[in-house]
$ cat coords30.cif   # mmCIF, C-alpha atoms
data_target
#
loop_
_atom_site.label_atom_id
_atom_site.label_comp_id
_atom_site.auth_asym_id
_atom_site.auth_seq_id
_atom_site.Cartn_x
_atom_site.Cartn_y
_atom_site.Cartn_z
CA MET A 1 -106.10 -181.30 -28.10
CA ASN A 2 -102.33 -181.07 -27.85
CA MET A 3 -100.82 -184.51 -27.18
CA ASP A 4 -98.24 -183.10 -24.76
CA VAL A 5 -101.00 -181.57 -22.64
CA MET A 6 -102.97 -184.83 -22.53
CA GLN A 7 -99.78 -186.73 -21.67
CA LEU A 8 -99.13 -184.28 -18.84
CA PHE A 9 -102.71 -184.85 -17.63
CA TRP A 10 -102.32 -188.65 -17.51
CA ILE A 11 -98.86 -188.54 -15.91
CA THR A 12 -100.09 -186.07 -13.28
CA GLY A 13 -103.15 -188.27 -12.74
CA LEU A 14 -100.83 -191.19 -11.96
CA PHE A 15 -98.91 -189.08 -9.44
CA VAL A 16 -102.17 -187.84 -7.89
CA LEU A 17 -103.21 -191.45 -7.36
CA LEU A 18 -99.84 -192.32 -5.79
CA LEU A 19 -100.01 -189.25 -3.53
CA GLY A 20 -103.50 -190.33 -2.49
CA VAL A 21 -102.18 -193.78 -1.62
CA VAL A 22 -99.40 -192.23 0.51
CA GLY A 23 -101.89 -190.02 2.38
CA ALA A 24 -104.49 -192.74 2.89
CA TYR A 25 -101.83 -195.22 4.08
CA CYS A 26 -100.55 -192.66 6.59
CA VAL A 27 -104.07 -191.93 7.91
CA LEU A 28 -104.91 -195.62 8.23
CA MET A 29 -101.65 -196.98 9.66
CA THR A 30 -100.38 -194.30 12.01
CA ARG A 31 -100.97 -194.25 15.76
CA ASN A 32 -100.10 -190.61 16.22
CA LEU A 33 -102.86 -187.99 15.93
CA VAL A 34 -100.56 -185.32 14.44
CA ARG A 35 -99.29 -187.76 11.83
CA ALA A 36 -102.89 -188.62 10.91
CA LEU A 37 -103.48 -184.92 10.23
CA ILE A 38 -100.30 -184.84 8.12
CA GLY A 39 -101.69 -187.77 6.10
CA LEU A 40 -104.92 -185.83 5.60
CA GLU A 41 -102.86 -182.86 4.38
CA ILE A 42 -101.14 -185.05 1.77
CA LEU A 43 -104.56 -186.25 0.57
CA VAL A 44 -105.69 -182.62 0.19
CA LYS A 45 -102.51 -181.83 -1.77
CA ALA A 46 -103.33 -184.64 -4.20
CA VAL A 47 -106.81 -183.14 -4.76
CA THR A 48 -105.30 -179.65 -5.22
CA LEU A 49 -102.89 -180.94 -7.85
CA LEU A 50 -105.72 -182.72 -9.68
CA LEU A 51 -107.84 -179.54 -9.74
CA VAL A 52 -104.94 -177.43 -11.04
CA VAL A 53 -103.98 -179.84 -13.81
CA ALA A 54 -107.64 -180.30 -14.81
CA GLY A 55 -107.97 -176.52 -15.13
CA TYR A 56 -104.75 -176.31 -17.16
CA VAL A 57 -105.80 -179.06 -19.56
CA SER A 58 -109.39 -177.88 -20.06
CA GLY A 59 -108.54 -174.18 -20.31
CA HIS A 60 -110.67 -173.37 -17.24
CA GLU A 61 -107.71 -172.10 -15.24
CA ALA A 62 -109.60 -169.26 -13.54
CA LEU A 63 -112.35 -171.61 -12.35
CA ALA A 64 -109.78 -174.14 -11.14
CA GLN A 65 -107.93 -171.44 -9.22
CA SER A 66 -111.12 -170.24 -7.53
CA LEU A 67 -111.89 -173.83 -6.50
CA VAL A 68 -108.34 -174.33 -5.20
CA ILE A 69 -108.58 -171.11 -3.15
CA THR A 70 -111.88 -172.34 -1.67
CA LEU A 71 -110.25 -175.71 -0.94
CA ILE A 72 -107.29 -174.06 0.81
CA VAL A 73 -109.59 -171.95 3.02
CA ILE A 74 -111.58 -175.03 4.04
CA GLU A 75 -108.34 -176.98 4.58
CA VAL A 76 -107.03 -174.34 6.98
CA VAL A 77 -110.25 -174.27 8.98
CA VAL A 78 -110.38 -178.08 9.17
CA MET A 79 -106.74 -178.25 10.28
CA THR A 80 -107.19 -175.53 12.91
CA VAL A 81 -110.24 -177.22 14.42
CA ALA A 82 -108.52 -180.63 14.22
CA VAL A 83 -105.48 -179.25 16.04
CA GLY A 84 -107.90 -177.90 18.67
CA VAL A 85 -109.36 -181.41 19.04
CA VAL A 86 -105.82 -182.86 19.34
CA PHE A 87 -105.04 -180.29 22.05
CA GLY A 88 -108.19 -181.35 23.90
CA ILE A 89 -107.36 -185.07 23.64
CA ARG A 90 -103.81 -184.39 24.77
CA GLY A 91 -105.21 -182.48 27.75
CA ASN A 92 -107.50 -185.37 28.68
CA THR A 93 -105.18 -188.34 28.09
CA GLY A 94 -101.74 -186.71 28.29
CA SER A 95 -100.74 -188.36 25.02
CA LEU A 96 -101.07 -188.04 21.24
CA ASP A 97 -101.41 -191.81 20.79
CA THR A 98 -104.66 -193.03 19.21
CA ARG A 99 -104.60 -196.19 21.37
CA HIS A 100 -105.22 -194.03 24.43
CA ILE A 101 -108.56 -192.71 23.14
CA ARG A 102 -110.25 -196.06 22.55
CA ASN A 103 -112.12 -195.91 25.84
CA LEU A 104 -113.90 -192.63 25.17
CA LYS A 105 -117.61 -192.43 25.87
CA GLY A 106 -120.08 -192.15 23.03
CA MET B 1 -92.51 -181.54 -19.67
CA ASP B 2 -89.27 -182.99 -18.26
CA LEU B 3 -89.15 -180.35 -15.55
CA ASN B 4 -92.80 -181.06 -14.66
CA LEU B 5 -92.01 -184.77 -14.39
CA ALA B 6 -89.00 -184.02 -12.17
CA LEU B 7 -91.19 -181.81 -9.97
CA LEU B 8 -93.86 -184.53 -9.73
CA LEU B 9 -91.20 -187.07 -8.72
CA ALA B 10 -89.83 -184.64 -6.13
CA LEU B 11 -93.37 -184.05 -4.83
CA LEU B 12 -93.99 -187.77 -4.39
CA ALA B 13 -90.57 -188.28 -2.78
CA ALA B 14 -91.18 -185.44 -0.31
CA ALA B 15 -94.64 -186.79 0.56
CA LEU B 16 -93.22 -190.29 1.03
CA TRP B 17 -90.44 -188.95 3.25
CA THR B 18 -93.03 -186.97 5.25
CA VAL B 19 -94.84 -190.20 6.04
CA MET B 20 -91.82 -192.47 6.49
CA THR B 21 -89.59 -190.36 8.71
CA ARG B 22 -89.60 -191.16 12.40
CA SER B 23 -89.29 -187.61 13.72
CA LEU B 24 -92.54 -185.64 13.84
CA LEU B 25 -90.68 -182.35 13.44
CA ARG B 26 -88.95 -183.57 10.27
CA SER B 27 -92.33 -184.79 9.09
CA ALA B 28 -93.80 -181.28 9.46
CA ILE B 29 -90.80 -179.74 7.69
CA PHE B 30 -91.05 -182.17 4.78
CA LEU B 31 -94.78 -181.42 4.55
CA ALA B 32 -93.84 -177.75 4.08
CA LEU B 33 -91.35 -178.84 1.39
CA THR B 34 -94.14 -180.81 -0.32
CA SER B 35 -96.25 -177.64 -0.34
CA ILE B 36 -93.38 -175.63 -1.83
CA ILE B 37 -92.86 -178.14 -4.65
CA LEU B 38 -96.62 -178.12 -5.30
CA THR B 39 -96.46 -174.31 -5.45
CA VAL B 40 -93.79 -174.44 -8.18
CA LEU B 41 -95.93 -176.92 -10.12
CA MET B 42 -98.97 -174.65 -9.77
CA PHE B 43 -96.98 -171.69 -11.10
CA ARG B 44 -95.92 -173.78 -14.08
CA LEU B 45 -99.54 -174.84 -14.70
CA ASN B 46 -100.76 -171.22 -15.02
CA SER B 47 -102.32 -170.94 -11.55
CA PRO B 48 -100.26 -168.18 -9.91
CA LEU B 49 -102.90 -166.87 -7.48
CA ALA B 50 -103.72 -170.32 -6.12
CA ALA B 51 -99.95 -170.97 -5.89
CA VAL B 52 -99.46 -167.89 -3.72
CA PHE B 53 -102.27 -169.09 -1.43
CA GLU B 54 -100.71 -172.55 -1.25
CA LEU B 55 -97.28 -171.12 -0.40
CA SER B 56 -98.41 -168.66 2.25
CA VAL B 57 -101.13 -170.72 3.89
CA CYS B 58 -100.12 -174.38 3.50
CA ALA B 59 -96.33 -174.02 3.62
CA GLY B 60 -96.48 -171.24 6.21
CA LEU B 61 -99.49 -171.22 8.50
CA ILE B 62 -100.22 -174.96 8.63
CA SER B 63 -96.53 -175.78 9.23
CA VAL B 64 -96.55 -173.40 12.20
CA LEU B 65 -99.72 -175.09 13.48
CA PHE B 66 -98.10 -178.52 13.25
CA VAL B 67 -94.83 -177.45 14.85
CA SER B 68 -96.68 -175.83 17.75
CA THR B 69 -98.71 -179.02 18.25
CA ILE B 70 -95.61 -181.20 18.07
CA SER B 71 -93.94 -179.05 20.72
CA LEU B 72 -96.61 -180.31 23.14
CA ALA B 73 -95.56 -183.94 22.77
CA GLU B 74 -93.46 -185.24 25.63
CA PRO B 75 -89.95 -186.48 24.75
CA GLN B 76 -89.45 -190.27 24.85
CA SER B 77 -86.65 -192.23 26.48
CA GLN B 78 -83.99 -193.86 24.25
CA LYS B 79 -85.46 -197.32 24.86
CA ASP B 80 -88.95 -196.16 23.88
CA VAL B 81 -87.57 -194.46 20.76
CA ILE B 82 -85.90 -197.68 19.56
CA GLN B 83 -89.05 -199.71 20.31
CA HIS B 84 -91.23 -197.14 18.53
CA MET B 85 -88.87 -197.11 15.51
CA LYS B 86 -89.10 -200.90 15.17
CA GLU B 87 -92.90 -200.80 15.40
CA ARG B 88 -93.10 -198.02 12.79
CA MET B 89 -90.81 -199.85 10.38
CA ALA B 90 -92.95 -202.97 10.71
CA ARG B 91 -96.05 -201.00 9.72
CA PHE B 92 -94.55 -198.67 7.09
CA TRP B 93 -91.98 -200.72 5.12
CA PHE B 94 -94.82 -201.90 2.88
CA LEU B 95 -95.66 -198.38 1.59
CA PRO B 96 -92.71 -197.82 -0.85
CA VAL B 97 -93.16 -201.35 -2.19
CA LEU B 98 -96.88 -200.72 -2.70
CA LEU B 99 -96.16 -197.44 -4.52
CA ILE B 100 -93.59 -199.00 -6.86
CA VAL B 101 -95.88 -201.95 -7.69
CA LEU B 102 -98.85 -199.63 -8.25
CA ALA B 103 -96.82 -197.28 -10.47
CA VAL B 104 -95.47 -200.16 -12.58
CA VAL B 105 -98.92 -201.75 -12.96
CA LEU B 106 -100.56 -198.44 -13.92
CA CYS B 107 -97.76 -197.61 -16.40
CA LEU B 108 -98.04 -201.02 -18.07
CA LYS B 109 -101.83 -201.11 -18.09
CA THR B 110 -102.55 -197.99 -20.13
CA VAL B 111 -106.25 -197.58 -19.48
CA ARG B 112 -107.04 -194.09 -20.69
CA PRO B 113 -110.75 -193.41 -21.06
CA ALA B 114 -111.75 -190.72 -23.53
CA VAL B 115 -111.86 -187.35 -21.84
CA HIS B 116 -114.38 -184.93 -23.30
CA LEU B 117 -113.10 -181.48 -22.56
CA PRO B 118 -115.49 -178.51 -22.42
CA THR B 119 -114.90 -175.41 -24.47
CA PRO B 120 -112.64 -172.85 -22.81
CA GLU B 121 -114.48 -170.30 -20.71
CA ASN B 122 -114.81 -166.65 -21.50
CA ALA B 123 -113.82 -165.37 -18.08
CA GLN B 124 -110.07 -165.90 -17.76
CA ASP B 125 -109.65 -163.80 -14.64
CA VAL B 126 -109.93 -165.58 -11.31
CA ARG B 127 -111.34 -162.45 -9.67
CA ILE B 128 -114.28 -162.36 -12.11
CA VAL B 129 -114.94 -166.08 -11.55
CA LEU B 130 -114.71 -165.81 -7.78
CA TRP B 131 -116.67 -162.59 -7.25
CA GLN B 132 -119.20 -162.63 -10.11
CA LEU B 133 -119.72 -166.22 -11.24
CA ARG B 134 -119.34 -168.08 -7.93
CA PRO B 135 -120.39 -165.69 -5.12
CA VAL B 136 -121.98 -168.59 -3.22
CA ASP B 137 -118.47 -170.03 -2.78
CA ILE B 138 -117.41 -166.81 -1.05
CA LEU B 139 -120.45 -167.01 1.24
CA GLY B 140 -119.60 -170.65 2.02
CA GLN B 141 -115.99 -169.71 2.80
CA ILE B 142 -117.13 -166.97 5.18
CA ILE B 143 -119.51 -169.37 6.98
CA ILE B 144 -116.80 -172.03 7.27
CA LEU B 145 -114.26 -169.48 8.56
CA LEU B 146 -116.72 -168.27 11.20
CA THR B 147 -117.54 -171.87 12.16
CA GLY B 148 -113.83 -172.62 12.56
CA ALA B 149 -113.24 -169.46 14.59
CA PHE B 150 -116.14 -170.23 16.96
CA GLY B 151 -115.04 -173.88 17.15
CA VAL B 152 -111.55 -172.89 18.26
CA VAL B 153 -112.98 -170.40 20.78
CA ILE B 154 -115.14 -173.18 22.28
CA PHE B 155 -112.24 -175.66 22.36
CA PHE B 156 -109.94 -173.27 24.17
CA LYS B 157 -112.55 -171.84 26.49
CA GLU B 158 -111.43 -172.30 30.05
CA LYS B 159 -113.76 -174.20 32.31
CA VAL B 160 -115.50 -172.08 34.96
CA LYS B 161 -114.51 -173.24 38.42
CA LYS B 162 -117.51 -173.88 40.65
#

$ encode --input "coords30.cif" --output "structure tokens"
Amino acid sequence: MNMDVMQLFWITGLFVLLLGVVGAYCVLMTRNLVRALIGLEILVKAVTLLLVVAGYVSGHEALAQSLVITLIVIEVVVMTVAVGVVFGIRGNTGSLDTRHIRNLKG
Amino acid sequence: MDLNLALLLALLAAALWTVMTRSLLRSAIFLALTSIILTVLMFRLNSPLAAVFELSVCAGLISVLFVSTISLAEPQSQKDVIQHMKERMARFWFLPVLLIVLAVVLCLKTVRPAVHLPTPENAQDVRIVLWQLRPVDILGQIIILLTGAFGVVIFFKEKVKK
């Protein structure tokens, strides 16, 4: 295996981990529903990058691309439904703040 | 290699700025920028079709979704903005420090387990993989798309007045 390719894999792996930390921190610490979705998006981007670089390193680029396309389709559906939920919460509470939805039933 | 490293640094910086900036609109715009940088990286890593999807869907459609949602938020007064900014800084100043510490620790501690790579596949065309080798994925995508479509219809269905 080419050393440059393996080095690229490990460096990208480090950046994937850091991107994951940024996304997870945003999801955990924010009080805005839209910003929580943005954090989730950053987490998905980290996974996308990991899939692409894994495909590049292993030579399974076509398989990696098909998985990334599947991931993007699912990401869009999740985001659309999540935005629908945010719309609903905003309609009920008049705010996008997570502190205003603590008294929901269920 | 150097260009890839520069792109990875730019990707991390854009993601960090997306999270750290106070304005939600700027946050959505920087998320689109993050997607664009990821697209360039995907092109460089021999994944052009996935890169096109990422550019058109993530940088385009999802940004529009976020901007339309942000447009619903009510504007705050100047006093509230300053108070909110102080609260955000108190919660988010730790993130860049955490990233720098984590990066330094991971660079110094070079734990690299042996990676056993499989032999390269025969099918090098994404269309053959997607349509012939993984048709169940297509079926799953169709089901998820329909679920999302029906979900949105139910969410936006107007209540019948009695």

$ resolve_selection --input "coords30.cif" --expression "the PyMOL selection byres ((chain A) within 8 of (chain B))" --output "MDAnalysis selection string"
chainID A and resid 4 8 10:12 14:15 18:19 21:23 25:26 29 34:35 38:39 42 45 49 52:53 56 58:63 65:66 68:70 72:74 76:81 83:85 87:88 95:96

$ atom_distance --input "coords30.cif" --atom1 "CA of Ala46 in chain A" --atom2 "CA of Ala24 in chain A"
10.8 Å

$ atom_distance --input "coords30.cif" --atom1 "CA of Ala59 in chain B" --atom2 "CA of Arg22 in chain B"
20.4 Å

$ atom_distance --input "coords30.cif" --atom1 "CA of Leu37 in chain A" --atom2 "CA of Asp97 in chain A"
12.8 Å

$ closest_residue --input "coords30.cif" --among "A:Asn92, A:Thr48, A:Asn32, A:Asn103" --to "Gly13 in chain A" --atoms "all atoms listed in the file"
A:Thr48

$ axis_aligned_box --input "coords30.cif" --around "range 44-53 of chain A" --padding-each-side "6 Å" --output "AutoDock Vina command-line options"
--center_x -105.2 --center_y -181.0 --center_z -6.8 --size_x 17.3 --size_y 19.2 --size_z 26.0
